[in-house]
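Trainee: Here you go, data_9.cif (mmCIF, C-alpha atoms):
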data_work
#
loop_
_atom_site.label_atom_id
_atom_site.label_comp_id
_atom_site.auth_asym_id
_atom_site.auth_seq_id
_atom_site.Cartn_x
_atom_site.Cartn_y
_atom_site.Cartn_z
CA MET A 28 8.56 -34.81 21.86
CA MET A 29 5.15 -35.25 23.43
CA ILE A 30 4.86 -38.66 21.78
CA LEU A 31 8.06 -39.68 23.54
CA GLY A 32 6.48 -38.71 26.87
CA PHE A 33 3.41 -40.84 26.15
CA LEU A 34 5.65 -43.73 25.16
CA PHE A 35 7.38 -43.45 28.52
CA LEU A 36 3.98 -43.52 30.25
CA LEU A 37 2.90 -46.60 28.27
CA LEU A 38 6.21 -48.25 29.06
CA ALA A 39 5.72 -47.40 32.76
CA VAL A 40 2.20 -48.96 32.78
CA TRP A 41 3.47 -52.06 30.98
CA TYR A 42 6.46 -52.32 33.33
CA TRP A 43 4.16 -51.87 36.38
CA ILE A 44 1.81 -54.64 35.22
CA ARG A 45 4.67 -56.99 34.38
CA ASN A 46 6.53 -56.45 37.68
CA ARG A 47 3.65 -56.07 40.18
CA ASP A 48 5.19 -58.41 42.62
CA HIS A 49 8.67 -56.92 42.67
CA LYS A 50 9.36 -53.75 44.60
CA GLY A 51 12.22 -52.74 42.24
CA GLY A 52 9.94 -53.10 39.22
CA LYS A 53 7.35 -50.80 40.79
CA ILE A 54 10.01 -48.16 41.52
CA SER A 55 11.35 -48.44 37.95
CA ALA A 56 7.81 -48.10 36.57
CA LEU A 57 7.24 -45.07 38.81
CA LEU A 58 10.48 -43.46 37.58
CA LEU A 59 9.47 -44.11 33.96
CA ALA A 60 6.08 -42.49 34.65
CA VAL A 61 7.76 -39.42 36.23
CA VAL A 62 10.08 -39.08 33.22
CA GLY A 63 7.12 -39.41 30.83
CA VAL A 64 5.01 -36.81 32.68
CA THR A 65 8.00 -34.44 32.87
CA ILE A 66 8.62 -34.72 29.12
CA ILE A 67 4.93 -34.11 28.41
CA GLY A 68 4.86 -31.13 30.79
CA PHE A 69 7.95 -29.46 29.32
CA THR A 70 6.75 -30.04 25.78
CA HIS A 71 3.35 -28.58 26.59
CA ALA A 72 4.90 -25.54 28.33
CA ASP A 73 7.22 -24.98 25.35
CA ASN A 74 4.26 -25.14 22.95
CA VAL A 75 2.29 -22.66 25.08
CA ASP A 76 5.28 -20.28 25.17
CA LYS A 77 5.65 -20.49 21.39
CA GLN A 78 1.93 -19.86 20.92
CA ARG A 79 1.99 -16.83 23.24
CA ALA A 80 5.08 -15.46 21.48
CA ALA A 81 3.38 -15.89 18.11
CA GLU A 82 0.22 -14.17 19.36
CA SER A 83 2.15 -11.26 20.86
CA SER A 84 4.24 -10.99 17.70
CA SER A 85 1.06 -10.98 15.63
CA ILE A 86 -0.49 -8.30 17.83
CA ALA A 87 2.69 -6.22 17.75
CA SER A 88 2.98 -6.47 13.98
CA SER A 89 -0.69 -5.61 13.61
CA LYS A 90 -0.25 -2.53 15.79
CA LYS A 91 2.91 -1.58 13.89
CA ALA A 92 1.19 -2.01 10.53
CA LYS A 93 -1.75 0.06 11.73
CA SER A 94 0.48 2.88 12.99
CA GLU A 95 2.54 2.78 9.78
CA SER A 96 -0.65 2.92 7.75
CA ILE A 97 -1.89 5.92 9.72
CA SER A 98 1.43 7.75 9.45
CA GLU A 99 1.68 6.85 5.76
CA SER A 100 -1.80 8.18 5.03
CA LYS A 101 -0.98 11.37 6.96
CA SER A 102 2.24 11.69 4.96
CA GLU A 103 0.42 11.07 1.68
CA SER A 104 -2.28 13.61 2.49
CA ARG A 105 0.42 16.12 3.50
CA ASP A 106 2.28 15.44 0.22
CA GLN A 107 -0.97 15.73 -1.74
CA ALA A 108 -1.79 19.02 -0.04
CA MET A 109 1.71 20.28 -0.83
CA ASP A 110 1.37 19.16 -4.45
CA ASP A 111 -2.04 20.82 -4.69
CA ALA A 112 -0.68 24.10 -3.34
CA THR A 113 2.41 23.90 -5.58
CA TYR A 114 0.40 23.07 -8.69
CA THR A 115 -2.18 25.77 -7.96
CA ALA A 116 0.61 28.36 -7.63
CA LEU A 117 2.24 27.00 -10.81
CA ALA A 118 -1.06 27.30 -12.72
CA LYS A 119 -1.46 30.93 -11.66
CA ASN A 120 2.17 31.72 -12.49
CA LEU A 121 1.96 30.11 -15.94
CA THR A 122 -1.30 31.88 -16.72
CA SER A 123 0.37 35.24 -16.05
CA GLN A 124 3.46 34.20 -18.09
CA MET A 125 1.32 33.09 -21.02
CA ALA A 126 -0.43 36.46 -21.05
CA SER A 127 2.87 37.99 -22.18
CA ASP A 128 3.50 35.32 -24.86
CA SER A 129 1.92 36.08 -28.23
CA THR A 130 1.20 32.45 -29.16
CA LEU A 131 -0.18 31.43 -25.77
CA ASN A 132 -1.98 34.66 -24.87
CA GLY A 133 -5.54 34.03 -23.72
CA PHE A 134 -4.88 30.61 -22.16
CA LYS A 135 -5.92 30.23 -18.54
CA ILE A 136 -4.65 27.35 -16.42
CA ALA A 137 -6.33 26.21 -13.23
CA TYR A 138 -5.55 23.26 -10.98
CA LYS A 139 -8.17 21.41 -8.98
CA ASP A 140 -9.09 17.82 -8.20
CA SER A 141 -5.53 16.68 -9.09
CA GLN A 142 -5.91 17.86 -12.67
CA PHE A 143 -4.96 20.88 -14.77
CA TYR A 144 -7.86 22.61 -16.51
CA VAL A 145 -6.80 24.80 -19.43
CA THR A 146 -9.26 27.26 -20.93
CA VAL A 147 -8.31 28.00 -24.53
CA PRO A 148 -9.04 31.23 -26.41
CA THR A 149 -11.64 31.14 -29.18
CA GLU A 150 -9.06 31.80 -31.92
CA VAL A 151 -7.38 28.46 -31.05
CA ALA A 152 -10.68 26.57 -31.13
CA VAL A 153 -11.20 27.54 -34.79
CA MET A 154 -7.74 26.35 -35.94
CA THR A 155 -7.23 23.16 -37.89
CA ASP A 156 -6.86 19.92 -35.94
CA ASN A 157 -3.09 19.74 -36.46
CA GLU A 158 -2.61 23.36 -35.41
CA GLN A 159 -4.72 22.78 -32.30
CA LYS A 160 -2.72 19.67 -31.41
CA GLU A 161 0.53 21.63 -31.75
CA VAL A 162 -0.72 24.42 -29.50
CA TYR A 163 -2.14 22.03 -26.90
CA SER A 164 1.05 19.95 -26.99
CA SER A 165 3.10 23.06 -26.30
CA VAL A 166 0.97 23.74 -23.21
CA VAL A 167 1.45 20.14 -22.04
CA LYS A 168 5.22 20.41 -22.62
CA LEU A 169 5.27 23.70 -20.72
CA LEU A 170 3.59 22.03 -17.73
CA GLU A 171 5.88 19.01 -17.95
CA SER A 172 8.94 21.28 -18.04
CA HIS A 173 7.89 22.45 -14.56
CA ASN A 174 7.62 18.81 -13.35
CA ALA A 175 3.85 19.01 -13.22
CA ASN A 176 2.77 15.38 -13.41
CA ALA A 177 -0.99 15.68 -13.52
CA PRO A 178 -3.57 15.13 -16.26
CA VAL A 179 -4.41 18.09 -18.50
CA SER A 180 -7.83 18.83 -19.98
CA PHE A 181 -8.61 21.63 -22.42
CA TYR A 182 -11.91 23.54 -22.48
CA ASP A 183 -13.32 26.28 -24.69
CA GLN A 184 -14.56 29.62 -23.35
CA ASN A 185 -18.00 28.08 -22.69
CA GLY A 186 -16.57 25.27 -20.56
CA ASN A 187 -17.00 22.54 -23.19
CA PRO A 188 -14.19 19.97 -23.39
CA VAL A 189 -12.14 20.31 -26.58
CA ALA A 190 -9.10 18.10 -25.89
CA ARG A 191 -7.22 16.13 -23.27
CA MET A 192 -3.72 14.89 -22.66
CA THR A 193 -3.27 11.20 -23.45
CA LEU A 194 -1.34 8.75 -21.29
CA SER A 195 1.55 8.86 -23.77
CA GLY A 196 1.80 12.64 -23.39
CA GLY A 197 0.11 13.46 -26.67
CA VAL A 198 -3.16 15.29 -27.19
CA LYS A 199 -6.54 13.86 -28.18
CA LEU A 200 -9.07 16.26 -29.66
CA TYR A 201 -12.79 15.92 -29.03
CA LYS A 202 -14.84 16.29 -32.20
#
Take the structure in the file and give it back as structure tokens.
Mentor:
Amino acid sequence: MMILGFLFLLLAVWYWIRNRDHKGGKISALLLAVVGVTIIGFTHADNVDKQRAAESSSIASSKKAKSESISESKSESRDQAMDDATYTALAKNLTSQMASDSTLNGFKIAYKDSQFYVTVPTEVAVMTDNEQKEVYSSVVKLLESHNANAPVSFYDQNGNPVARMTLSGGVKLYK
């Protein structure tokens, strides 16, 4: 649109030069110049308005994204704190339940750093590999049955790692 305004101005200059001697030609050239300047002015004002709208939209979306990010991180930390408290209570509850179960007696479950730490009794540590895997898998299944979706690591009475839950839900022994 701005090009059209400049064309009107060029046409006005050409018309002015061509009709210098005629009063009607000068008035026509002046009218062409006014039309050209008006078109250029409106086009420029429209471009400035669009640019300001884009800048304010960008600023508004940036502020919105920042506030959403802050509220999302607060929500995530609140959810994480709730999960931590829930999983910690679950670990304590399961430890007391396992004390009454003959096959799982002696296991202690703790939850910290977004992970379950299971201390196994010494009689389990001396079992065969397949027997150990079965026992550890039953602990993992027990946790999963309570919707506990966190990694599980198994440690002996001395705090040495003996096994861990795999991504597929199985158990990998450390030897």
Trainee: Might you pull out every residue within 10 Å of A:Tyr201, with all atoms listed in the file counted and same-chain residues fewer than 6 positions away left off, and present them as a list in words?
Mentor: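 These residues fall inside the cut-off: Asp156, Phe181, Asn187, Pro188, Val189, Ala190 and Arg191 of chain A.
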Trainee: Around all of stretch 71-81 of chain A's listed atoms, make the axis-aligned box with 4 Å on each side and tell me centre and edge lengths in Å to one decimal, as JSON.
Mentor:
{"center_x": 4.6, "center_y": -22.0, "center_z": 23.2, "size_x": 13.3, "size_y": 21.1, "size_z": 18.2}
Trainee: List the residues selected by the PyMOL selection byres ((chain A and resi 174-179) around 6) in the file shown, writing them as a PyMOL selection string.
Mentor: chain A and resi 142-143+170-173+180+191-192
Trainee: Compare A:Lys77, A:Lys135, A:Arg45, A:Lys119 by their minimum atom-to-atom distance to A:Gly186, counting only C-alpha atoms, and give me the closest one.
Mentor: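 Among A:Lys77, A:Lys135, A:Arg45, A:Lys119, it is A:Lys135 that comes nearest to A:Gly186.
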Trainee: Quick one: of A:Phe134, A:Ser141, A:Asp128, A:Asn157, who's nearest to A:Asp111, counting only C-alpha atoms?
Mentor: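 Among A:Phe134, A:Ser141, A:Asp128, A:Asn157, it is A:Ser141 that comes nearest to A:Asp111.
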Trainee: Give me, please, the distance in Å between atom CA of A:Met125 and atom CA of A:Glu150, quoted to one decimal.
Mentor: 15.1 Å
Trainee: Enumerate, as a list in words, the residues matched when the PyMOL selection byres ((chain A and resi 161) around 12) is run on the file above.
Mentor: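 Against this file, the PyMOL selection byres ((chain A and resi 161) around 12) returns the residues Thr130, Leu131, Val151, Met154, Thr155, Asp156, Asn157, Glu158, Gln159, Lys160, Val162, Tyr163, Ser164, Ser165, Val166, Val167, Lys168, Ala190, Gly197, Val198, Lys199 and Leu200 of chain A.
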Trainee: Between atom CA of A:Leu59 and atom CA of A:Asp73, what is the spacing in Å?
Mentor: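 The value is 21.1 Å.
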Trainee: Could you jot down the atom CA of A:Ala152 to atom CA of A:Asn120 separation for me, Å, one decimal place?
Mentor: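 Distance between the two atoms: 23.2 Å.
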Trainee: Please write as a PyMOL selection string the full residue list that the PyMOL selection byres ((chain A and resi 62-64) around 12) yields on this file.
Mentor: chain A and resi 28-40+55-61+65-71
Trainee: Restricting the calculation to all atoms listed in the file: of A:Val153, A:Ala137, A:Leu194, A:Leu169, which residue gets closest to A:Ala112?
Mentor: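 Closest residue, counting all atoms listed in the file: A:Ala137.
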